[in-house]
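*Asks:* My structure is in start_17.txt, and what it holds is compact mmCIF, C-alpha atoms:
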# COMPACT_ATOMS: atom_id res chain seq x y z
CA MET E 1 4.24 -183.18 6.90
CA PRO E 2 0.71 -182.39 8.06
CA ILE E 3 1.69 -181.09 11.49
CA VAL E 4 -0.74 -178.33 12.40
CA ASN E 5 -0.50 -175.51 14.90
CA LYS E 6 -2.83 -175.04 17.85
CA GLU E 7 -5.30 -172.82 15.99
CA GLU E 8 -5.52 -175.22 13.04
CA TRP E 9 -6.06 -178.07 15.51
CA LYS E 10 -8.92 -176.18 17.17
CA GLN E 11 -10.51 -175.66 13.74
CA PHE E 12 -10.16 -179.37 12.97
CA LEU E 13 -11.83 -180.31 16.28
CA GLU E 14 -14.83 -178.08 15.50
CA LYS E 15 -15.97 -180.88 13.14
CA TYR E 16 -15.96 -183.27 16.11
CA PRO E 17 -17.89 -181.70 19.00
CA ASN E 18 -17.81 -185.00 20.89
CA ALA E 19 -14.04 -185.42 20.68
CA HIS E 20 -12.55 -186.33 24.04
CA ILE E 21 -11.18 -183.49 26.17
CA LEU E 22 -7.76 -185.17 26.17
CA GLN E 23 -7.53 -184.32 22.46
CA ASP E 24 -8.31 -180.65 23.15
CA ALA E 25 -5.52 -178.14 22.52
CA ALA E 26 -5.83 -176.92 26.12
CA TRP E 27 -4.94 -180.42 27.36
CA GLY E 28 -1.83 -180.35 25.21
CA ASP E 29 -0.94 -176.93 26.63
CA LEU E 30 -1.35 -178.24 30.18
CA LYS E 31 0.76 -181.33 29.49
CA SER E 32 3.49 -179.13 27.99
CA GLU E 33 3.72 -177.39 31.37
CA PHE E 34 4.75 -180.77 32.81
CA GLY E 35 7.48 -181.63 30.33
CA TRP E 36 5.50 -183.18 27.48
CA ASP E 37 6.11 -182.09 23.89
CA VAL E 38 2.95 -181.80 21.78
CA ARG E 39 2.52 -182.50 18.07
CA ARG E 40 -0.81 -182.34 16.24
CA ILE E 41 -1.30 -184.18 12.95
CA VAL E 42 -4.23 -183.93 10.54
CA VAL E 43 -4.68 -185.95 7.35
CA GLY E 44 -8.09 -185.48 5.75
CA ASP E 45 -10.74 -186.32 8.36
CA VAL E 46 -8.29 -187.98 10.76
CA GLY E 47 -6.21 -186.21 13.37
CA ALA E 48 -4.43 -186.74 16.65
CA GLN E 49 -2.73 -184.77 19.34
CA ILE E 50 0.38 -186.77 20.20
CA LEU E 51 2.21 -186.25 23.47
CA PHE E 52 5.94 -187.01 23.71
CA LYS E 53 7.78 -187.45 27.00
CA SER E 54 11.56 -187.26 26.93
CA LEU E 55 13.64 -190.16 28.18
CA PRO E 56 17.37 -190.40 28.86
CA MET E 57 19.79 -190.59 25.93
CA GLY E 58 17.57 -188.52 23.62
CA TYR E 59 14.70 -190.98 23.32
CA SER E 60 11.01 -190.42 24.08
CA VAL E 61 7.70 -192.20 24.50
CA ALA E 62 4.66 -191.21 22.44
CA TYR E 63 1.07 -191.22 23.63
CA ILE E 64 -2.26 -190.50 21.91
CA PRO E 65 -4.83 -190.18 24.72
CA ARG E 66 -8.40 -190.87 23.62
CA GLY E 67 -7.60 -190.50 19.97
CA PRO E 68 -7.15 -190.36 17.09
CA VAL E 69 -10.12 -188.20 16.21
CA ALA E 70 -12.02 -189.45 13.16
CA PRO E 71 -15.55 -190.14 11.96
CA LEU E 72 -16.88 -193.23 13.75
CA GLU E 73 -17.92 -194.74 10.43
CA MET E 74 -14.43 -194.36 8.96
CA ASP E 75 -12.97 -197.37 7.23
CA TRP E 76 -9.71 -197.92 9.07
CA ARG E 77 -8.28 -199.59 5.96
CA SER E 78 -8.67 -196.44 3.82
CA ASP E 79 -5.88 -194.54 2.07
CA VAL E 80 -6.45 -191.57 4.41
CA TRP E 81 -5.95 -193.79 7.45
CA GLU E 82 -2.80 -195.32 5.94
CA GLU E 83 -1.40 -191.84 5.19
CA PHE E 84 -2.27 -190.70 8.72
CA LEU E 85 -0.43 -193.70 10.21
CA ALA E 86 2.57 -192.98 7.99
CA GLN E 87 2.66 -189.38 9.25
CA VAL E 88 2.34 -190.51 12.87
CA ASP E 89 5.17 -193.00 12.30
CA ALA E 90 7.39 -190.31 10.75
CA THR E 91 6.70 -187.93 13.64
CA CYS E 92 7.44 -190.63 16.22
CA HIS E 93 10.66 -191.44 14.39
CA GLU E 94 11.62 -187.75 14.32
CA GLN E 95 11.00 -187.55 18.09
CA ARG E 96 12.97 -190.79 18.64
CA ALA E 97 10.01 -192.47 20.31
CA ILE E 98 10.68 -196.03 21.47
CA PHE E 99 6.96 -196.82 21.40
CA LEU E 100 3.57 -195.24 20.73
CA LYS E 101 0.67 -195.88 23.12
CA VAL E 102 -2.76 -195.22 21.59
CA GLU E 103 -5.93 -195.26 23.69
CA PRO E 104 -8.87 -194.66 21.31
CA ASP E 105 -12.02 -193.00 22.61
CA LEU E 106 -14.18 -196.06 21.99
CA TRP E 107 -16.38 -198.05 24.28
CA GLU E 108 -15.59 -201.75 24.13
CA SER E 109 -19.02 -202.36 22.63
CA ASP E 110 -18.57 -199.79 19.82
CA SER E 111 -18.83 -201.36 16.42
CA VAL E 112 -16.25 -199.89 14.07
CA PRO E 113 -15.98 -201.01 10.46
CA GLY E 114 -12.57 -202.07 9.28
CA GLN E 115 -9.66 -203.51 11.10
CA LEU E 116 -9.17 -202.80 14.80
CA PRO E 117 -6.53 -202.74 15.97
CA PRO E 118 -4.84 -201.64 12.75
CA ALA E 119 -2.06 -203.76 11.35
CA GLY E 120 1.07 -203.46 13.45
CA PHE E 121 -0.77 -202.51 16.65
CA GLN E 122 -1.18 -204.78 19.66
CA GLN E 123 -3.74 -204.48 22.43
CA SER E 124 -2.03 -203.51 25.68
CA PRO E 125 -3.02 -205.19 28.93
CA HIS E 126 -2.45 -201.86 30.71
CA ASP E 127 -4.60 -198.74 30.33
CA ILE E 128 -3.45 -195.27 31.27
CA GLN E 129 -6.88 -193.59 31.27
CA PRO E 130 -9.98 -194.97 32.98
CA SER E 131 -11.98 -197.13 30.60
CA ARG E 132 -15.16 -195.11 31.14
CA THR E 133 -16.15 -191.54 31.87
CA ILE E 134 -19.77 -191.00 32.81
CA LEU E 135 -21.41 -187.60 33.26
CA ILE E 136 -24.11 -187.16 35.89
CA ASN E 137 -26.26 -184.03 36.09
CA LEU E 138 -25.93 -183.20 39.77
CA GLN E 139 -28.43 -180.36 39.60
CA GLU E 140 -31.30 -182.77 39.00
CA LYS E 141 -29.97 -185.38 41.39
CA LYS E 142 -28.52 -183.07 44.04
CA LYS E 143 -30.89 -184.22 46.76
CA ARG E 144 -30.28 -187.87 45.97
CA PHE E 145 -26.49 -187.54 46.04
CA TRP E 146 -25.97 -184.86 48.67
CA GLY E 147 -29.15 -185.11 50.72
CA THR E 148 -30.11 -181.46 50.11
Starting from the coordinates I provided, produce the structure as structure tokens.
*Replies:*
Amino acid sequence: MPIVNKEEWKQFLEKYPNAHILQDAAWGDLKSEFGWDVRRIVVGDVGAQILFKSLPMGYSVAYIPRGPVAPLEMDWRSDVWEEFLAQVDATCHEQRAIFLKVEPDLWESDSVPGQLPPAGFQQSPHDIQPSRTILINLQEKKKRFWGT
């Protein structure tokens, strides 16, 4: 199974400098301090940090925040994608997850070739993360925002 350790995950993310911070190994480390179990999977150019939260009776829920990480132009119907999904499914099964919540790091207007959502996925009416994160350079706009 292509489960990778933290160092291998960091190396994988070096190919994706714009990957969301919630896919960073440090985020997984922080979440583990609050009872989440972290698994990182890489298949070819696709990877995800999956968070598992334990539930009663040995079950868990699985969550991929702002992932998976992959080239934007990736064909989501490719063999690599199918293998990645199979590995995610096997890991979720191993962790006895009752569901997997995936929140891709895509703007609603992003155009992605292939099938979204992938077969077997449903769009949820409820988001966990905010739908947008916008960075503002406060050094240039300090006077405007803070009046100084």
*Asks:* Go ahead and compute the interatomic distance for CA of Asn137 in chain E and CA of His20 in chain E, in Å to one decimal.
*Replies:*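 These atoms are spaced 18.4 Å apart.
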*Asks:* Nearest to Glu103 in chain E: which of E:Val4, E:Leu51, E:Ile21, E:Ile64 is it, counting all atoms listed in the file?
*Replies:*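 Under the stated criterion, the closest residue is E:Ile64.
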*Asks:* Do you have the CA of Met57 in chain E-CA of Val102 in chain E distance handy?
*Replies:*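 CA of Val102 in chain E lies 23.4 Å from CA of Met57 in chain E.
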*Asks:* For Pro56 in chain E, find every residue with an atom within 12 Å (counting all atoms listed in the file), except residues of its own chain fewer than 5 positions away, and show them as an MDAnalysis selection string.
*Replies:* chainID E and resid 61 96:98
*Asks:* For each of E:Val46, E:Cys92, E:Tyr59, E:Arg66, take the minimum atom-to-atom distance to Asp79 in chain E, counting all atoms listed in the file, then give the residue where this is smallest.
*Replies:*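 Among the listed residues, E:Val46 lies closest to Asp79 in chain E.
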*Asks:* Neighbouring residues of range 9-12 of chain E were defined as those with any atom within 7 Å, considering all atoms listed in the file; residues of the same chain fewer than 3 positions away were excluded. Please report them as a PDB file with C-alpha atoms, in the coordinates of the input.
*Replies:*
ATOM      1  CA  VAL E   4      -0.740-178.330  12.400  1.00  0.00           C
ATOM      2  CA  ASN E   5      -0.500-175.510  14.900  1.00  0.00           C
ATOM      3  CA  LYS E   6      -2.830-175.040  17.850  1.00  0.00           C
ATOM      4  CA  LYS E  15     -15.970-180.880  13.140  1.00  0.00           C
ATOM      5  CA  ALA E  25      -5.520-178.140  22.520  1.00  0.00           C
ATOM      6  CA  ARG E  40      -0.810-182.340  16.240  1.00  0.00           C
TER       7      ARG E  40
END
*Asks:* Could you state the separation of CA of Arg39 in chain E and CA of Leu135 in chain E in Å, given to one decimal place?
*Replies:*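 Going from CA of Arg39 in chain E over to CA of Leu135 in chain E, I get 28.8 Å.
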